[in-house]
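Input: a single structure, listed below in structure tokens.
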Amino acid sequence: MSIECVPPSIGNRDDSISFLASLRLRMPAPIRLRELIRTIRTARTQAEEREMIQKECAAIRSSFREEDNTYRCRNVAKLLYMHMLGYPAHFGQLECLKLIASQKFTDKRIGYLGAMLLLDERQDVHLLMTNCIKNDLNHSTQYVQGLALCTLGCMGSSEMCRDLAGEVEKLLKTSNSYLRKKAALCAVHVIRKVPELMEMFLPATKNLLSEKNHGVLHTSVVLLTEMCERSPDMLTHFRKLVPQLVRILKNLIMSGYSPEHDVSGISDPFLQVRILRLLRILGKNDDDSSEAMNDILAQVATNTETSKNVGNAILYETVLTIMDIKSESGLRVLAINILGRFLLNNDKNIRYVALTSLLKTVQTDHNAVQRHRSTIVDCLKDLDVSIKRRAMELSFALVNGNNIRGMMKELLYFLDSCDPEFKADCASGVFLAAEKYAPSKRWHIDTIMRVLTTAGSYVRDDSVPNLIQLITNSVEMHAYTVQRLYKALLDDISQQPLVQVASWCIGEYGDLLISGQCEEEEPIQVTEDEVLDVLEGLLVSNLSTPVTRGYSLTAIMKLSTRFSSVNRIKKVVSIYGSSIDVELQQRAVEYNALFKKYDHMRPALLERMPIMEKTASNGPTEIVQTNGETEPSAVEPKHPPPVTQPTNQANDLLDLLGGNDVVPVIQTTMPTKPASAGGELLDLLGDLSLTGMKLTLKHCFSLLKGKPAT
Amino acid sequence: YASLYFCCAIEEQDNELITLEVIHRFVELLDKYFGSVCELDIIFNFEKAYFILDEFLMGGEIQDTSKKSVLKAIEQADLLQEEDESPRSVLEEMGLA
């Protein structure tokens with residue numbers, strides 16, 4: 001800054017003013033916007049850029065302080081650029097308001113832009129705009145009115161909307177189509193912000209659809225859609241517009257080439273899509289309206305050119321409308337077939353859209369979607385991740401008793417080769433489908449095995465108890481199952497769910513394993529020691545999680561009543577009595593106690609698990625009294641239908657555990673059980689503290705069932 | 001679009017395919033306005049890009065489906081802006097007249 005001036009004589013006011021004026025003149029004008037952009041782009045590092053920005057911001061701030069009208073516009077524009085880059089620009093908010101109040105169009109343009117970018121309803125300052133906007137809404141120049149409508153329609157707060165709704169409504173009735181179309185969208189925003197004001201726009205909507213101007217037509221349809229979506233009364237009121245809408249749509253399709261609205265040979269696709277969407281809302285749950293639009297929907301569905309995206313966009317909207325209204329079945333089949341064709345399209349966006357829509361309709365139009373099953377299954381091999389996911393969901397929805405074998409083959413192949421993010425969901429889906437539609441028990445077990453061995457580490461934790469239950473209930477497959485699981489363990493002990501299920505099975509059916517009883521396949525020869533080696537191997541392996549170790553310890557314990565190498569088992573159990581892992585330690589200590597003090601009860605406790613009736617996975621929980629505290633535990637399975645009366649001992653055992661427990665069905669051969677086990681149990685109760693005993697037994701029982709100890 | 005990427009956020013019930021058309025329409029408008037639009041055009045004239053956007057969409061919805069109509073409105077508004085900035089004499093610039 002260079003100061004060249006004549007110092008004023010003291011006391012002369014005029015001279016002072018010109019002195020100050022001449023001072024200001026010498027300040028360099030703020031740099032132009034383009035200049036700033038160019039400068040900032042030369043910065044080579046983030047720090048350099050920040051420095052330039054800070055310098056410029058300081059200059060802008062002082063310029064603002066001087067209330068300079070000439071350059072305010074330029075400065076705010078620069079501020080907006082810097083704001084776009086991510087730097088703070090809040091100090092420009094008031095300046096925007098000043099620009100808006102200016103008479104110059106340039107100022108208003110930048111001012112309103114600034115308001116839209118920098119202000120929102122969270123800043124109190126924004127309310128100061130209201131008066132300016134009100135004035136500008138009544139401005140003589142339509143472009144100024146347009147700016148005001150645009151700003152209000154983009155960022156107007158509910159207070160602003162309340163104050164200005166009247167003005168907007170007035171403009172909605174004007175004959176100027178430029179303003180009318182903007183007023184319609186502004187009204188949409190007002191209604192979104194203040195739904196109670198919807199009523200006041202109703203009279204203005206009377207003749208909206210008789211407009212020739214496509215801009216007004218389009219925005220009117222948007223306005224009508226918004227009103228119908230928000231208010232059932234409005235919806236009923238506007239149903240009478242269906243014939244008019246159908247007519248407009250028909251004209252669009254039948255009319256010849258209109259250069260102004262043509263997109264790749266289709267006349268105003270945007271308007272077509274909006275009308276279709278409004279028809280969807282009007283026709284939903286209404287027979288008469290749906291009837292009135294059947295023809296036009298069929299016409300659009302069959303006549304629309306599909307070589308470009310724009311045609312498919314219209315078809316897509318048509319399909320959505322057909323599926324949502326009460327259309328006749330022929331039309332629905334047509335719609336699903338369109339989606340089926342979409343699936344074969346080269347454009348992956350269209351395939352994606354088809355899969356999403358099919359997913360929505362698969363429940364209601366199951367048979368029609370089934371026809372496209374093979375195409376859908378092919379989509380499992382698509383390269384795009386979102387298409388694969390939707391294809392997977394849809395495939396599971398399409399599985400039924402007839403196609404289970406074929407579908408499962410494809411899905412298991414998919415499970416093998418898919419990304420890890422899918423494996424958990426796919427595995428769960430396979431288990432569910434297998435449970436519902438398994439053609440044979442053998443097939444079911446094989447499928448489970450396949451999932452456990454290929455995607456074992458991705459299987460959800462809650463699948464493990466479910467699988468155990470399944471295996472328990474497939475009584476004739478026990479030998480086969482345990483043999484296959486044992487062989488799988490020999491191969492690979494890294495997949496925890498597989499290992500857990502396998503340990504549990506070996507613990508339960510180890511006797512079948514060593515007796516070589518398998519019918520389904522060649523029985524393997526394995527000794528007790530080999531089995532115990534494997535289980536002990538799990539205990540010491542670094543790959544095993546604490547939960548898995550718990551499973552294998554319990555399995556080892558159970559084998560004490562099925563194998564003869566009891567001493568070996570006793571040794572293992574006593575070693576883990578001093579394990580660092582508290583869970584393992586507790587189990588080992590309790591099992592030790594079984595060996596030492598309650599050896600006569602051991603067989604009864606460790607006998608074969610009964611068949612468990614399937615409960616809902618989130619079944620009701622029951623409060624069980626333990627030690628005076630209540631704790632919820634999963635309710636025991638319900639009473640199975642008439643069954644052989646269980647022995648008293650089992651009954652007593654369960655009574656001890658409290659609650660309304662089931663009477664289990666004991667079907668498998670039981671290992672030797674001292675006849676007096678029950679009696680001694682009762683004797684014990686007389687001596688010992690009841691609660692301590694209850695805890696121990698309850699604990700053991702839940703462990704044996706394969707559930708985590710509570 | 002060469003080095004230009006456009007992304008658009010829509011709601012769940014919106015038609016994705018027509019949104020692609022909306023983006024395309026906006027690009028066409030920019031292209032017509034700037035004459036073969038490129039990255040630099042938008043960087044150095046970002047406020048104009050905004051003006052075009054505000055003439056095409058409002059509150060997320062299309063205002064006018066006619067390319068001609070939108071471009072005409074921008075043209076007229078630009079004219080208004082130019083009239084504002086009618087040439088000022090050097091003396092006016094210096095604030096001395």
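In the structure tokens, chains take the letters A, B, ... in the order shown, each chain's residues start at 1, and ligands count up from 1 in the order shown.
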
Next item on the list: For Arg332 (chain A), list every protein, DNA or RNA residue within 12 Å, evaluated using only C-alpha atoms, and leave out those in the same chain fewer than 3 positions away; present the list as a ChimeraX atom specification.
Entry: /A:294,297-298,301,318-329,335-339,358,361,364-369

Notebook entry, point to check: What's the 10 Å shell around Ser69 (chain B), counting only C-alpha atoms, without same-chain residues fewer than 6 positions away, as number ranges by chain?
Noted result: A: 178, 215, 260; B: 55-56, 75

Margin query: Which of chain B end up as strand (DSSP E) when DSSP is run on this backbone - answer as a list in words?
Written below: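 Here are the strand (DSSP E) residues of chain B: Leu57, Met58, Glu61 and Ile62 of chain B.
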
Kindly export the residues of the current selection with N, CA and C atoms, as a PDB file, in the first residue's frame.
ATOM      1  N   LEU B  57     -32.276 -28.226 -11.883  1.00  0.00           N
ATOM      2  CA  LEU B  57     -32.888 -28.959 -10.778  1.00  0.00           C
ATOM      3  C   LEU B  57     -33.228 -28.026  -9.639  1.00  0.00           C
ATOM      4  N   MET B  58     -34.264 -28.365  -8.900  1.00  0.00           N
ATOM      5  CA  MET B  58     -34.571 -27.623  -7.678  1.00  0.00           C
ATOM      6  C   MET B  58     -35.060 -28.629  -6.632  1.00  0.00           C
ATOM      7  N   GLU B  61     -35.399 -32.176  -7.891  1.00  0.00           N
ATOM      8  CA  GLU B  61     -36.292 -32.563  -8.981  1.00  0.00           C
ATOM      9  C   GLU B  61     -36.032 -31.707 -10.217  1.00  0.00           C
ATOM     10  N   ILE B  62     -36.308 -32.276 -11.383  1.00  0.00           N
ATOM     11  CA  ILE B  62     -36.116 -31.537 -12.637  1.00  0.00           C
ATOM     12  C   ILE B  62     -37.143 -30.430 -12.752  1.00  0.00           C
TER      13      ILE B  62
END

Next item on the list: Select residues of chain A: the criterion is any atom within 6 Å of an atom of chain B, counting only C-alpha atoms; output as a count of residues only.
Entry: 8

Checklist line | Spatial neighbours of Val534 (chain A), 10 Å, only C-alpha atoms, chain gap at least 6 places, as a list in words | finding: Tyr486, Leu489, Leu490, Ile493, Ser503 and Ser552 of chain A

I need the chosen residues saved as a PDB file, in the first residue's frame, with all heavy atoms.
ATOM      1  N   TYR A 486     -15.000 -87.147  11.853  1.00  0.00           N
ATOM      2  CA  TYR A 486     -13.672 -87.541  12.327  1.00  0.00           C
ATOM      3  C   TYR A 486     -12.654 -87.414  11.201  1.00  0.00           C
ATOM      4  O   TYR A 486     -11.557 -86.877  11.395  1.00  0.00           O
ATOM      5  CB  TYR A 486     -13.735 -88.980  12.848  1.00  0.00           C
ATOM      6  CG  TYR A 486     -12.406 -89.490  13.338  1.00  0.00           C
ATOM      7  CD1 TYR A 486     -11.892 -89.077  14.573  1.00  0.00           C
ATOM      8  CD2 TYR A 486     -11.640 -90.369  12.567  1.00  0.00           C
ATOM      9  CE1 TYR A 486     -10.670 -89.531  15.023  1.00  0.00           C
ATOM     10  CE2 TYR A 486     -10.411 -90.812  13.012  1.00  0.00           C
ATOM     11  CZ  TYR A 486      -9.931 -90.398  14.237  1.00  0.00           C
ATOM     12  OH  TYR A 486      -8.702 -90.853  14.678  1.00  0.00           O
ATOM     13  N   LEU A 489     -11.718 -83.911  10.632  1.00  0.00           N
ATOM     14  CA  LEU A 489     -10.798 -83.401  11.649  1.00  0.00           C
ATOM     15  C   LEU A 489      -9.371 -83.810  11.358  1.00  0.00           C
ATOM     16  O   LEU A 489      -8.423 -83.051  11.598  1.00  0.00           O
ATOM     17  CB  LEU A 489     -11.180 -83.943  13.032  1.00  0.00           C
ATOM     18  CG  LEU A 489     -12.108 -83.115  13.897  1.00  0.00           C
ATOM     19  CD1 LEU A 489     -12.070 -83.647  15.321  1.00  0.00           C
ATOM     20  CD2 LEU A 489     -11.700 -81.657  13.897  1.00  0.00           C
ATOM     21  N   LEU A 490      -9.204 -85.017  10.851  1.00  0.00           N
ATOM     22  CA  LEU A 490      -7.847 -85.471  10.566  1.00  0.00           C
ATOM     23  C   LEU A 490      -7.188 -84.567   9.530  1.00  0.00           C
ATOM     24  O   LEU A 490      -5.993 -84.321   9.564  1.00  0.00           O
ATOM     25  CB  LEU A 490      -7.871 -86.914  10.047  1.00  0.00           C
ATOM     26  CG  LEU A 490      -8.253 -87.979  11.063  1.00  0.00           C
ATOM     27  CD1 LEU A 490      -8.318 -89.350  10.381  1.00  0.00           C
ATOM     28  CD2 LEU A 490      -7.242 -88.024  12.196  1.00  0.00           C
ATOM     29  N   ILE A 493      -7.839 -78.856  11.320  1.00  0.00           N
ATOM     30  CA  ILE A 493      -8.467 -78.476  12.594  1.00  0.00           C
ATOM     31  C   ILE A 493      -8.537 -76.973  12.771  1.00  0.00           C
ATOM     32  O   ILE A 493      -8.701 -76.454  13.853  1.00  0.00           O
ATOM     33  CB  ILE A 493      -7.734 -79.093  13.809  1.00  0.00           C
ATOM     34  CG1 ILE A 493      -6.260 -78.616  13.827  1.00  0.00           C
ATOM     35  CG2 ILE A 493      -7.792 -80.583  13.780  1.00  0.00           C
ATOM     36  CD1 ILE A 493      -5.574 -78.959  15.140  1.00  0.00           C
ATOM     37  N   SER A 503     -16.089 -82.327  17.535  1.00  0.00           N
ATOM     38  CA  SER A 503     -15.775 -82.780  18.897  1.00  0.00           C
ATOM     39  C   SER A 503     -17.022 -83.244  19.607  1.00  0.00           C
ATOM     40  O   SER A 503     -17.025 -84.288  20.276  1.00  0.00           O
ATOM     41  CB  SER A 503     -15.177 -81.670  19.762  1.00  0.00           C
ATOM     42  OG  SER A 503     -14.374 -80.838  19.047  1.00  0.00           O
ATOM     43  N   SER A 552     -13.884 -79.799  23.335  1.00  0.00           N
ATOM     44  CA  SER A 552     -13.127 -81.053  23.244  1.00  0.00           C
ATOM     45  C   SER A 552     -12.917 -81.665  24.627  1.00  0.00           C
ATOM     46  O   SER A 552     -12.911 -82.892  24.763  1.00  0.00           O
ATOM     47  CB  SER A 552     -11.812 -80.868  22.483  1.00  0.00           C
ATOM     48  OG  SER A 552     -10.998 -79.957  23.124  1.00  0.00           O
TER      49      SER A 552
END
